[in-house]
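S.K.: Data: entry_33.csv, CSV, N, CA and C atoms.
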chain,number,residue,atom,x,y,z
A,29,MET,N,0.8,-1.2,0.0
A,29,MET,CA,0.0,0.0,0.0
A,29,MET,C,0.9,1.3,0.0
A,30,LEU,N,2.0,1.2,0.6
A,30,LEU,CA,2.9,2.4,0.7
A,30,LEU,C,3.4,2.7,-0.7
A,31,HIS,N,3.7,1.6,-1.5
A,31,HIS,CA,4.2,1.9,-2.8
A,31,HIS,C,3.1,2.6,-3.7
A,32,ASP,N,1.8,2.1,-3.5
A,32,ASP,CA,0.7,2.8,-4.3
A,32,ASP,C,0.6,4.3,-3.9
A,33,ALA,N,0.8,4.6,-2.6
A,33,ALA,CA,0.7,5.9,-2.1
A,33,ALA,C,1.8,6.8,-2.7
A,34,GLN,N,3.0,6.2,-2.9
A,34,GLN,CA,4.1,7.0,-3.4
A,34,GLN,C,3.9,7.2,-4.9
A,35,ILE,N,3.3,6.3,-5.6
A,35,ILE,CA,3.0,6.4,-7.1
A,35,ILE,C,1.9,7.5,-7.2
A,36,HIS,N,0.9,7.4,-6.4
A,36,HIS,CA,-0.2,8.4,-6.5
A,36,HIS,C,0.3,9.8,-6.2
A,37,ASN,N,1.2,9.9,-5.2
A,37,ASN,CA,1.7,11.2,-4.8
A,37,ASN,C,2.6,11.8,-6.0
A,38,ALA,N,3.4,11.0,-6.6
A,38,ALA,CA,4.3,11.5,-7.7
A,38,ALA,C,3.5,11.9,-8.9
A,39,LEU,N,2.5,11.0,-9.3
A,39,LEU,CA,1.7,11.4,-10.4
A,39,LEU,C,0.8,12.6,-10.1
A,40,GLY,N,0.3,12.7,-8.9
A,40,GLY,CA,-0.5,13.8,-8.5
A,40,GLY,C,0.2,15.1,-8.6
A,41,ALA,N,1.5,15.1,-8.1
A,41,ALA,CA,2.3,16.3,-8.1
A,41,ALA,C,2.6,16.7,-9.5
A,42,PHE,N,2.9,15.8,-10.4
A,42,PHE,CA,3.1,16.1,-11.8
A,42,PHE,C,1.9,16.7,-12.4
A,43,LEU,N,0.7,16.2,-12.2
A,43,LEU,CA,-0.5,16.7,-12.8
A,43,LEU,C,-0.9,18.1,-12.2
A,44,VAL,N,-0.6,18.3,-10.9
A,44,VAL,CA,-0.9,19.6,-10.4
A,44,VAL,C,0.1,20.6,-11.0
A,45,PHE,N,1.3,20.3,-11.2
A,45,PHE,CA,2.3,21.2,-11.8
A,45,PHE,C,1.9,21.4,-13.3
A,46,PHE,N,1.5,20.4,-14.0
A,46,PHE,CA,1.1,20.6,-15.4
A,46,PHE,C,-0.2,21.4,-15.5
A,47,GLY,N,-1.1,21.2,-14.5
A,47,GLY,CA,-2.3,22.0,-14.5
A,47,GLY,C,-2.0,23.5,-14.3
A,48,LEU,N,-1.0,23.8,-13.4
A,48,LEU,CA,-0.6,25.2,-13.2
A,48,LEU,C,0.1,25.8,-14.5
A,49,VAL,N,0.8,25.0,-15.2
A,49,VAL,CA,1.4,25.4,-16.4
A,49,VAL,C,0.3,25.8,-17.4
A,50,VAL,N,-0.7,24.9,-17.5
A,50,VAL,CA,-1.8,25.2,-18.5
A,50,VAL,C,-2.6,26.5,-18.0
A,51,LEU,N,-2.8,26.6,-16.7
A,51,LEU,CA,-3.4,27.8,-16.2
A,51,LEU,C,-2.6,29.1,-16.5
A,52,ALA,N,-1.3,29.0,-16.4
A,52,ALA,CA,-0.4,30.1,-16.7
A,52,ALA,C,-0.4,30.5,-18.2
A,53,SER,N,-0.8,29.5,-19.0
A,53,SER,CA,-0.8,29.8,-20.5
A,53,SER,C,-2.0,30.6,-20.8
A,54,ILE,N,-2.9,30.8,-19.9
A,54,ILE,CA,-4.1,31.7,-20.2
A,54,ILE,C,-3.6,33.1,-20.6
A,55,PHE,N,-2.5,33.6,-19.9
A,55,PHE,CA,-2.0,34.9,-20.2
A,55,PHE,C,-1.4,35.1,-21.5
A,56,PHE,N,-1.0,34.0,-22.2
A,56,PHE,CA,-0.4,34.0,-23.5
A,56,PHE,C,-1.3,33.6,-24.6
A,57,THR,N,-2.6,33.4,-24.3
A,57,THR,CA,-3.5,33.0,-25.3
A,57,THR,C,-4.3,34.3,-25.8
A,58,ASP,N,-4.5,34.4,-27.1
A,58,ASP,CA,-5.1,35.6,-27.7
A,58,ASP,C,-6.6,35.6,-27.7
A,59,THR,N,-7.2,34.5,-27.9
A,59,THR,CA,-8.7,34.4,-28.1
A,59,THR,C,-9.4,34.1,-26.8
A,60,GLY,N,-10.6,34.5,-26.7
A,60,GLY,CA,-11.4,34.3,-25.5
A,60,GLY,C,-11.7,32.8,-25.3
A,61,ILE,N,-12.0,32.1,-26.4
A,61,ILE,CA,-12.3,30.7,-26.3
A,61,ILE,C,-11.1,29.9,-25.9
A,62,GLY,N,-9.9,30.3,-26.4
A,62,GLY,CA,-8.7,29.7,-26.0
A,62,GLY,C,-8.4,29.8,-24.5
A,63,LYS,N,-8.7,31.0,-24.0
A,63,LYS,CA,-8.5,31.3,-22.6
A,63,LYS,C,-9.5,30.4,-21.7
A,64,LEU,N,-10.7,30.3,-22.2
A,64,LEU,CA,-11.7,29.4,-21.5
A,64,LEU,C,-11.3,28.0,-21.5
A,65,THR,N,-10.8,27.5,-22.7
A,65,THR,CA,-10.3,26.2,-22.8
A,65,THR,C,-9.2,25.9,-21.9
A,66,ASN,N,-8.2,26.8,-21.9
A,66,ASN,CA,-7.1,26.6,-21.0
A,66,ASN,C,-7.5,26.6,-19.5
A,67,LEU,N,-8.5,27.4,-19.2
A,67,LEU,CA,-9.0,27.5,-17.8
A,67,LEU,C,-9.6,26.2,-17.4
A,68,GLY,N,-10.5,25.7,-18.3
A,68,GLY,CA,-11.2,24.4,-18.0
A,68,GLY,C,-10.2,23.2,-17.9
A,69,ALA,N,-9.3,23.2,-18.9
A,69,ALA,CA,-8.3,22.0,-18.9
A,69,ALA,C,-7.4,22.1,-17.7
A,70,GLY,N,-6.9,23.3,-17.4
A,70,GLY,CA,-6.0,23.4,-16.2
A,70,GLY,C,-6.7,23.1,-14.9
A,71,ALA,N,-8.0,23.5,-14.8
A,71,ALA,CA,-8.7,23.2,-13.6
A,71,ALA,C,-9.0,21.7,-13.4
A,72,ILE,N,-9.3,21.1,-14.5
A,72,ILE,CA,-9.6,19.6,-14.5
A,72,ILE,C,-8.3,18.8,-14.2
A,73,ILE,N,-7.3,19.2,-14.9
A,73,ILE,CA,-6.0,18.4,-14.7
A,73,ILE,C,-5.5,18.7,-13.3
A,74,GLY,N,-5.5,19.9,-12.8
A,74,GLY,CA,-5.1,20.2,-11.5
A,74,GLY,C,-5.9,19.5,-10.4
A,75,GLY,N,-7.2,19.5,-10.7
A,75,GLY,CA,-8.1,18.8,-9.7
A,75,GLY,C,-7.9,17.3,-9.6
A,76,ILE,N,-7.6,16.7,-10.8
A,76,ILE,CA,-7.3,15.3,-10.8
A,76,ILE,C,-6.0,15.0,-10.0
A,77,GLY,N,-5.0,15.9,-10.2
A,77,GLY,CA,-3.7,15.8,-9.5
A,77,GLY,C,-3.9,15.9,-8.0
A,78,ALA,N,-4.7,16.9,-7.6
A,78,ALA,CA,-4.9,17.2,-6.2
A,78,ALA,C,-5.7,16.0,-5.6
A,79,ALA,N,-6.6,15.4,-6.3
A,79,ALA,CA,-7.3,14.2,-5.8
A,79,ALA,C,-6.4,13.0,-5.6
A,80,MET,N,-5.5,12.9,-6.5
A,80,MET,CA,-4.5,11.8,-6.4
A,80,MET,C,-3.6,12.0,-5.2
A,81,MET,N,-3.2,13.2,-5.0
A,81,MET,CA,-2.3,13.5,-3.9
A,81,MET,C,-3.1,13.3,-2.5
A,82,TYR,N,-4.4,13.6,-2.5
A,82,TYR,CA,-5.2,13.4,-1.3
A,82,TYR,C,-5.4,11.9,-1.1
A,83,LYS,N,-5.6,11.2,-2.2
A,83,LYS,CA,-5.7,9.7,-2.0
A,83,LYS,C,-4.4,9.1,-1.5
A,84,ALA,N,-3.3,9.6,-2.0
A,84,ALA,CA,-2.0,9.1,-1.5
A,84,ALA,C,-1.8,9.4,-0.1
A,85,HIS,N,-2.2,10.6,0.4
A,85,HIS,CA,-2.1,10.9,1.8
A,85,HIS,C,-3.0,9.9,2.6
A,86,ARG,N,-4.2,9.7,2.2
A,86,ARG,CA,-5.1,8.7,2.9
A,86,ARG,C,-4.5,7.3,2.9
A,87,LEU,N,-3.9,6.9,1.8
A,87,LEU,CA,-3.3,5.5,1.7
A,87,LEU,C,-2.1,5.4,2.7
A,88,LYS,N,-1.3,6.5,2.7
A,88,LYS,CA,-0.1,6.5,3.5
A,88,LYS,C,-0.5,6.5,5.0
A,89,SER,N,-1.5,7.2,5.4
A,89,SER,CA,-2.0,7.3,6.8
A,89,SER,C,-2.6,5.9,7.2
A,90,ARG,N,-3.3,5.3,6.3
A,90,ARG,CA,-3.9,4.0,6.5
A,90,ARG,C,-2.9,3.0,6.7
A,91,SER,N,-1.8,3.1,5.8
A,91,SER,CA,-0.7,2.1,5.9
A,91,SER,C,0.0,2.3,7.2
A,92,ASP,N,0.3,3.6,7.7
A,92,ASP,CA,0.9,3.8,8.9
A,92,ASP,C,0.1,3.3,10.1
A,93,ASP,N,-1.2,3.5,10.0
A,93,ASP,CA,-2.0,2.9,11.1
A,93,ASP,C,-2.0,1.4,11.2
A,94,TYR,N,-2.0,0.8,10.0
A,94,TYR,CA,-1.9,-0.7,9.9
A,94,TYR,C,-0.6,-1.2,10.5
A,95,LEU,N,0.5,-0.5,10.1
A,95,LEU,CA,1.8,-0.9,10.6
A,95,LEU,C,2.0,-0.7,12.1
A,96,SER,N,1.5,0.4,12.6
A,96,SER,CA,1.6,0.6,14.0
A,96,SER,C,0.7,-0.3,14.8
A,97,SER,N,-0.4,-0.7,14.3
A,97,SER,CA,-1.3,-1.6,15.1
A,97,SER,C,-0.8,-3.0,15.0
A,98,SER,N,-0.1,-3.4,13.9
A,98,SER,CA,0.4,-4.8,13.8
A,98,SER,C,1.7,-4.9,14.6
A,99,ALA,N,2.4,-3.8,14.9
A,99,ALA,CA,3.6,-3.8,15.7
A,99,ALA,C,3.3,-4.0,17.1
A,100,LEU,N,2.1,-3.6,17.5
A,100,LEU,CA,1.7,-3.7,18.9
A,100,LEU,C,1.3,-5.1,19.3
A,101,SER,N,0.8,-5.9,18.3
A,101,SER,CA,0.4,-7.2,18.7
A,101,SER,C,1.5,-8.2,18.6
Mind turning this structure into structure tokens?

M.R.:
Amino acid sequence: MLHDAQIHNALGAFLVFFGLVVLASIFFTDTGIGKLTNLGAGAIIGGIGAAMMYKAHRLKSRSDDYLSSSALS
């Protein structure tokens, strides 16, 4: 489970970074529809990345709880 959390965290961080790059490209786009497209794509990509990082955090805390409870018995 810890390995899954690390993979989710790495992919999530990449997607958040890529979403921020797409959001920054709004300032370099000339047309209104292009700006709206970049806004939508950046928000969706960043949201997916943030959700993956949140899931990684939950998996890691669940793994830590499991490891600490099994060490007590």

S.K.: List the neighbours of range 59-75 of chain A out to 7 Å using all atoms listed in the file; skip same-chain residues closer than 4 positions along the sequence, and give me the result as a ChimeraX atom specification.

M.R.: /A:43-51,53-55,79-80

S.K.: Go through A:Leu39, A:Thr57, A:Gln34, A:Ser91 one by one, measure the shortest atom-to-atom distance of each to Ala78 in chain A using only N, CA and C atoms, and give the residue with the smallest value.

M.R.: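 Result for the nearest residue to Ala78 in chain A: A:Leu39.
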
S.K.: Rounded to one decimal place, report the CA of Ala38 in chain A-CA of His85 in chain A distance in Å.

M.R.: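 Separation of CA of Ala38 in chain A and CA of His85 in chain A: 11.5 Å.
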
S.K.: How many Å separate atom N of Asn37 in chain A from atom N of Met81 in chain A?

M.R.: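 Taking atom N of Asn37 in chain A and atom N of Met81 in chain A, their separation equals 5.5 Å.
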
S.K.: Take atom N of Phe42 in chain A and atom N of Ile76 in chain A and report the distance between them in Å, one decimal.

M.R.: 10.5 Å

S.K.: Would you output chain A from that structure, restricted to C-alpha atoms, as a CSV table (one decimal), in the first residue's frame?

M.R.:
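Okay, decode.csv is ready:
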chain,number,residue,atom,x,y,z
A,29,MET,CA,0.0,0.0,0.0
A,30,LEU,CA,2.9,2.4,0.7
A,31,HIS,CA,4.2,1.9,-2.8
A,32,ASP,CA,0.7,2.8,-4.3
A,33,ALA,CA,0.7,5.9,-2.1
A,34,GLN,CA,4.1,7.0,-3.4
A,35,ILE,CA,3.0,6.4,-7.1
A,36,HIS,CA,-0.2,8.4,-6.5
A,37,ASN,CA,1.7,11.2,-4.8
A,38,ALA,CA,4.3,11.5,-7.7
A,39,LEU,CA,1.7,11.4,-10.4
A,40,GLY,CA,-0.5,13.8,-8.5
A,41,ALA,CA,2.3,16.3,-8.1
A,42,PHE,CA,3.1,16.1,-11.8
A,43,LEU,CA,-0.5,16.7,-12.8
A,44,VAL,CA,-0.9,19.6,-10.4
A,45,PHE,CA,2.3,21.2,-11.8
A,46,PHE,CA,1.1,20.6,-15.4
A,47,GLY,CA,-2.3,22.0,-14.5
A,48,LEU,CA,-0.6,25.2,-13.2
A,49,VAL,CA,1.4,25.4,-16.4
A,50,VAL,CA,-1.8,25.2,-18.5
A,51,LEU,CA,-3.4,27.8,-16.2
A,52,ALA,CA,-0.4,30.1,-16.7
A,53,SER,CA,-0.8,29.8,-20.5
A,54,ILE,CA,-4.1,31.7,-20.2
A,55,PHE,CA,-2.0,34.9,-20.2
A,56,PHE,CA,-0.4,34.0,-23.5
A,57,THR,CA,-3.5,33.0,-25.3
A,58,ASP,CA,-5.1,35.6,-27.7
A,59,THR,CA,-8.7,34.4,-28.1
A,60,GLY,CA,-11.4,34.3,-25.5
A,61,ILE,CA,-12.3,30.7,-26.3
A,62,GLY,CA,-8.7,29.7,-26.0
A,63,LYS,CA,-8.5,31.3,-22.6
A,64,LEU,CA,-11.7,29.4,-21.5
A,65,THR,CA,-10.3,26.2,-22.8
A,66,ASN,CA,-7.1,26.6,-21.0
A,67,LEU,CA,-9.0,27.5,-17.8
A,68,GLY,CA,-11.2,24.4,-18.0
A,69,ALA,CA,-8.3,22.0,-18.9
A,70,GLY,CA,-6.0,23.4,-16.2
A,71,ALA,CA,-8.7,23.2,-13.6
A,72,ILE,CA,-9.6,19.6,-14.5
A,73,ILE,CA,-6.0,18.4,-14.7
A,74,GLY,CA,-5.1,20.2,-11.5
A,75,GLY,CA,-8.1,18.8,-9.7
A,76,ILE,CA,-7.3,15.3,-10.8
A,77,GLY,CA,-3.7,15.8,-9.5
A,78,ALA,CA,-4.9,17.2,-6.2
A,79,ALA,CA,-7.3,14.2,-5.8
A,80,MET,CA,-4.5,11.8,-6.4
A,81,MET,CA,-2.3,13.5,-3.9
A,82,TYR,CA,-5.2,13.4,-1.3
A,83,LYS,CA,-5.7,9.7,-2.0
A,84,ALA,CA,-2.0,9.1,-1.5
A,85,HIS,CA,-2.1,10.9,1.8
A,86,ARG,CA,-5.1,8.7,2.9
A,87,LEU,CA,-3.3,5.5,1.7
A,88,LYS,CA,-0.1,6.5,3.5
A,89,SER,CA,-2.0,7.3,6.8
A,90,ARG,CA,-3.9,4.0,6.5
A,91,SER,CA,-0.7,2.1,5.9
A,92,ASP,CA,0.9,3.8,8.9
A,93,ASP,CA,-2.0,2.9,11.1
A,94,TYR,CA,-1.9,-0.7,9.9
A,95,LEU,CA,1.8,-0.9,10.6
A,96,SER,CA,1.6,0.6,14.0
A,97,SER,CA,-1.3,-1.6,15.1
A,98,SER,CA,0.4,-4.8,13.8
A,99,ALA,CA,3.6,-3.8,15.7
A,100,LEU,CA,1.7,-3.7,18.9
A,101,SER,CA,0.4,-7.2,18.7
